[in-house]
Structure formats: C-alpha cells, structure tokens
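Visitor: I am attaching a structure below and will ask some questions about it afterwards.
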Amino acid sequence: MSRYILRRALRSLLTVVIVFVAVFMLLRLMPLSGYFPPEMIKEADEATRMVYLRNQGLLDHPMVQLGRFVGNMFHGDLGRSLTVYPKVPIATLLKEKIPVTAAFGFASMLIGIVFGVGLGLFMVRFKDKAGDKLGTVFILLVRAVPSLIYLFFIQVWISKWFNLPLIFYKDRPISWILPTICLSLSSIAYYALWLRRFMVDEENQDYVKFAQVKGLPKREVLKRHVFKNAAIPLIIYIPYDLLMIIAGSLVIETLYAIPGTGGLLTTAIKSQDNNLVQVIVLMYAILSVIGVFLGDLLVAFVDPRIKLTEGE
C-alpha cells in the first residue's frame, strides 16, 4: 500500500509541476501592460515603463522569473496585486476571500450530498415511473443546459417569488440562500445521476437476485446491499468537491457579487492583473490534482475489493 501511495503521490506531484510551469510560462506571453500599476499605464512614458519592468525582474529570462517566484512562494510571498487592489499582497487577499468562498462551498456541498443521494434513491425506488422521469428531467436541465441560462432565471424569478435579494449582502443572511442553492445544483445532479446508475447496475448482480429469491423485501435489499456498494464510487468525487469549494464558482460569485476567490479571478482577468491571475489559476490547478489524488486513495480505503498493488 505504501508503495502505491508513493507512486500516486509522485505522479500527482509531477502533474502539479507541469501545470505550474505551463501556467507560469503562458502568462509570460500576455501583454506586459498587465504588470503595470494603473497610474503608470496612464502617465509614464516608454522609458519609465522599461525601467519599472527591469526593476521588477520582468525582463529576465522566464526560467529565472520562475525560480524567483518559487523561492518567494516558499517564504509566503505570492506577489502583489497590480490593478485590482494595487500594492496589496496577494496572500492577504486570499486570506480574506477564501473563508467567504469556503463557507458557501461547505454549505452547498452538504446540500448537494443530502439532496443528491436522496434524489438518486427516489429515482431508483420509482424506476421507469413518473418520479424517475422527473428526476431525469432535472438532471438533464442542470447538466445539459448552459448554467448561465438557468442561473439567470433562478436569480430573477425565484428572488421575485420569494422576495429574496438579487445579490449577496454580508449582513443579510437571507441573501445567502440563492447563491448556496445555485452552487449545490451541479452536485445534486451529479450524485443523483451516478447513484441511480450504479444502483441500477448493482440490481442486476447475482447477489441481489439471490437475496430477492430468498424473500428479502426490495427496499431492504436496496438499503443494506445495493446502496452501500453503489455509493462507493461516489466517494471519489467528495475530496475533489471538498477542495474545489475553496476555489469557488466563477459564475455564481460574479452573478451574486460574492467577495470570494471565484469572483476575484474574474475581476483580475478583466483588469489584466497578471500577478493575481497567475496565483489563483495555479491554486485551482493544484487543488484539482490533490482532489483527484485523495479521491483515488479514499475509494481504495473504503472498498476492500480494491487492492493497492502495482498491478491493480
């Protein structure tokens, strides 16, 4: 087991390094105007700008810049915002934004698991009936329709019907309801879809047929045997879901004006704040790789049928 974990950890680390270097180098192809403070873009001449770039080390070879960035990162220095929050350390911004995003993320994840699993069980219980078809329609709407379309209608119509605020207010908890629900819709659809699929597959297994032949009620078979085995593959998604809540939702945080990391990235891209874009994109990439790695390990630990050997 330790050998498998080490191999997967090294593979994940290599993936992070490749993504890290790729993102860093690609951002060096962006216009240099994204590295200037606002006042310099408006007032400074070309010579002054070149002196500024040279002092910031932005005219050095990209590999030299990469080594400098990594060294500063290990000392807790992620650079400073240039246009969005001029001269404010990026680490300070993330400390302020991540708790907001995490609060919405944890709430939406819990809602997603509870209602997603509940919907999946409901669809299996009434397979090929009206309940199953209604669940299928919901899943299709969430997964097939572009999210901006149904999120817009939710924001406009639901807020009007239930007299809910259109945007987020820190001091008004009622304004947190719509963003949390919108964040959870994708998870609900995911868990419901795959739980139904895995449970239907499990129902065709020999041990289920044998239990039914012995006279066990269908509900008991579904609860004690089918659900437990079908839920195991879903576990692989939980660590990824848990880590990505820190990254937040680009669309929903922007739509509801939530001061989190997702909205911060959108603002940074619009403002061409290359330093800020670089750090947040790298954070997204690293969290994604770690989430997949932890998911692989977790599903292997909870399922005794999976052997952590080199061949398997």
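Ordering of the structure tokens sets the chain letters (A, B, ...); residue numbers start at 1 within each chain; ligands are numbered from 1 in the order shown.
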Which residues are near stretch 294-296 of chain A? Cut-off 10 Å, only C-alpha atoms, ignore same chain within fewer than 2 positions. Put them as a VMD selection string.

Guide: chain A and resid 5 8 to 9 233 to 241 243 289 to 292 298 to 301

Visitor: May I have the residues within 10 Å of A:Gln65 as a list in words, using only C-alpha atoms and disregarding those fewer than 6 positions away in the same chain?

Guide: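 The contact residues come out as Phe24, Met25, Arg28, Gln56, Gly57, Leu58, Leu59 and Gly71 of chain A.
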
Visitor: Output the selection as a PDB file, in the first residue's frame - C-alpha atoms for each residue.

Guide:
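Written file, selection-v2.pdb:
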ATOM      1  CA  PHE A  24       3.603  30.490 -15.481  1.00  0.00           C
ATOM      2  CA  MET A  25       5.071  30.440 -18.992  1.00  0.00           C
ATOM      3  CA  ARG A  28       4.559  35.464 -19.780  1.00  0.00           C
ATOM      4  CA  GLN A  56      10.618  44.052 -11.185  1.00  0.00           C
ATOM      5  CA  GLY A  57      12.690  41.380 -12.938  1.00  0.00           C
ATOM      6  CA  LEU A  58      10.099  41.001 -15.700  1.00  0.00           C
ATOM      7  CA  LEU A  59      12.734  41.360 -18.422  1.00  0.00           C
ATOM      8  CA  GLY A  71      11.613  30.919  -3.919  1.00  0.00           C
TER       9      GLY A  71
END

Visitor: Given only C-alpha atoms as the basis, pick out the residue of A:Phe106, A:Trp161, A:Trp194, A:Phe168 nearest to A:Ala230.

Guide: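 Of the candidates, the smallest distance to A:Ala230 is held by A:Trp194.
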
Visitor: Select, from A:Ile177, A:Val281, A:Leu195, A:Leu222, the residue with the minimum atom-to-atom distance to A:Gly116, counting only C-alpha atoms.

Guide: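 Looking only at the distances to A:Gly116, the closest residue turns out to be A:Leu195.
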
Visitor: Would you mind telling me which residue in A:Tyr190, A:Tyr284, A:Tyr169, A:Phe210 lies nearest to A:Met109 when using only C-alpha atoms?

Guide: A:Tyr190

Visitor: Just the residues within 7 Å of stretch 251-263 of chain A, please, counting only C-alpha atoms, with nothing from its chain fewer than 5 positions along; format it as a ChimeraX atom specification.

Guide: /A:97-98,100-101,166-168,179

Visitor: Any idea what the distance is between atom CA of A:Ala47 and atom CA of A:Gly79?

Guide: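 Answer for the atom CA of A:Ala47 to atom CA of A:Gly79 separation: 23.7 Å.
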
Visitor: Using only C-alpha atoms, determine which residues lie at most 10 Å from stretch 125-133 of chain A, disregarding the query and same-chain residues fewer than 2 positions distant; provide the list as a list of chain:residue names.

Guide: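 Residues near the query, excluding close chain neighbours: A:Leu119, A:Gly120, A:Leu121, A:Phe122, A:Met123, A:Gly135, A:Thr136, A:Val137, A:Phe138, A:Ile139, A:Arg196, A:Val200, A:Lys218, A:Arg219, A:Leu222.
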
Visitor: Would you save the residues of that selection, restricted to C-alpha atoms, as an mmCIF file, in the first residue's frame?

Guide:
data_model
loop_
_atom_site.group_PDB
_atom_site.id
_atom_site.type_symbol
_atom_site.label_atom_id
_atom_site.label_comp_id
_atom_site.auth_asym_id
_atom_site.auth_seq_id
_atom_site.Cartn_x
_atom_site.Cartn_y
_atom_site.Cartn_z
ATOM 1 C CA LEU A 119 -32.958 12.138 -5.337
ATOM 2 C CA GLY A 120 -30.929 9.183 -6.585
ATOM 3 C CA LEU A 121 -32.640 6.825 -4.126
ATOM 4 C CA PHE A 122 -36.026 8.259 -5.072
ATOM 5 C CA MET A 123 -35.335 7.647 -8.772
ATOM 6 C CA GLY A 135 -35.528 13.358 -11.667
ATOM 7 C CA THR A 136 -34.123 12.712 -15.134
ATOM 8 C CA VAL A 137 -35.583 15.998 -16.402
ATOM 9 C CA PHE A 138 -33.923 17.878 -13.522
ATOM 10 C CA ILE A 139 -30.555 16.222 -14.208
ATOM 11 C CA ARG A 196 -29.037 5.869 -9.806
ATOM 12 C CA VAL A 200 -29.387 0.010 -11.284
ATOM 13 C CA LYS A 218 -36.816 -4.997 -2.312
ATOM 14 C CA ARG A 219 -36.479 -1.955 -0.053
ATOM 15 C CA LEU A 222 -31.671 -1.722 -1.793
#

Visitor: For a quick check of understanding, using only C-alpha atoms, which of A:Pro173, A:Gly105, A:Pro99, A:Gly118 has the smallest distance to A:Ala189?

Guide: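 For A:Ala189, the nearest of the candidates is A:Gly118.
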
Visitor: Kindly indicate which residue among A:Pro62, A:Thr83, A:Leu94, A:Ala102 lies nearest to A:Thr267, using only C-alpha atoms for the distances.

Guide: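 Of A:Pro62, A:Thr83, A:Leu94, A:Ala102, the one nearest A:Thr267, counting only C-alpha atoms, is A:Thr83.
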
Visitor: I'd like the interatomic distance between atom CA of A:Val277 and atom CA of A:Val21, to a tenth of an Å.

Guide: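 We find that atom CA of A:Val277 and atom CA of A:Val21 lie 14.4 Å from each other.
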
Visitor: List the neighbours of A:Pro165 out to 8 Å using only C-alpha atoms; skip same-chain residues closer than 5 positions along the sequence, and give me the result as a list in words.

Guide: Ser159, Ile174 and Ser175 of chain A

Visitor: With N, CA and C atoms retained, export the selected residues as a PDB file, in the first residue's frame.

Guide:
ATOM      1  N   SER A 159     -36.052  34.898  -6.872  1.00  0.00           N
ATOM      2  CA  SER A 159     -35.903  36.047  -5.975  1.00  0.00           C
ATOM      3  C   SER A 159     -37.183  36.871  -5.932  1.00  0.00           C
ATOM      4  N   ILE A 174     -30.398  36.282   4.676  1.00  0.00           N
ATOM      5  CA  ILE A 174     -31.395  35.851   3.697  1.00  0.00           C
ATOM      6  C   ILE A 174     -30.843  35.926   2.269  1.00  0.00           C
ATOM      7  N   SER A 175     -29.846  36.787   2.060  1.00  0.00           N
ATOM      8  CA  SER A 175     -29.246  36.919   0.728  1.00  0.00           C
ATOM      9  C   SER A 175     -28.275  35.792   0.421  1.00  0.00           C
TER      10      SER A 175
END

Visitor: Would you compute the distance between atom CA of A:Asn274 and atom CA of A:Asp77? Give it in Å to one decimal.

Guide: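 The value is 15.6 Å.
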
Visitor: Taking only stretch 37-247 of chain A into account, list the residues labelled alpha helix (DSSP H) by DSSP (computed from the backbone), as an MDAnalysis selection string.

Guide: chainID A and resid 38:43 46:55 62:74 90:125 130:144 147:153 159:161 177:203 206:213 218:221 227:231 237:247

Visitor: Tell me which protein, DNA and RNA residues are within 9 Å of A:Phe20, counting only C-alpha atoms, leaving out same-chain ones fewer than 4 positions away, and put them as a PyMOL selection string.

Guide: chain A and resi 15-16+24-25+282+285-286

Visitor: Restricted to N, CA and C atoms, what would the selected residues look like written as a compact mmCIF listing (two decimals), in the first residue's frame?

Guide:
# COMPACT_ATOMS: atom_id res chain seq x y z
N THR A 15 2.46 16.09 -12.08
CA THR A 15 1.38 16.80 -12.76
C THR A 15 1.31 18.26 -12.31
N VAL A 16 1.44 18.47 -11.00
CA VAL A 16 1.40 19.82 -10.46
C VAL A 16 2.55 20.65 -11.03
N PHE A 24 2.66 29.39 -15.67
CA PHE A 24 3.60 30.49 -15.48
C PHE A 24 4.13 30.99 -16.83
N MET A 25 4.50 30.05 -17.70
CA MET A 25 5.07 30.44 -18.99
C MET A 25 4.02 31.07 -19.90
N LEU A 282 -3.09 28.93 -10.57
CA LEU A 282 -2.23 27.89 -10.01
C LEU A 282 -2.90 27.21 -8.82
N ALA A 285 -5.44 24.77 -10.15
CA ALA A 285 -4.81 23.58 -10.72
C ALA A 285 -4.30 22.64 -9.64
N ILE A 286 -3.65 23.18 -8.63
CA ILE A 286 -3.10 22.35 -7.55
C ILE A 286 -4.22 21.67 -6.77
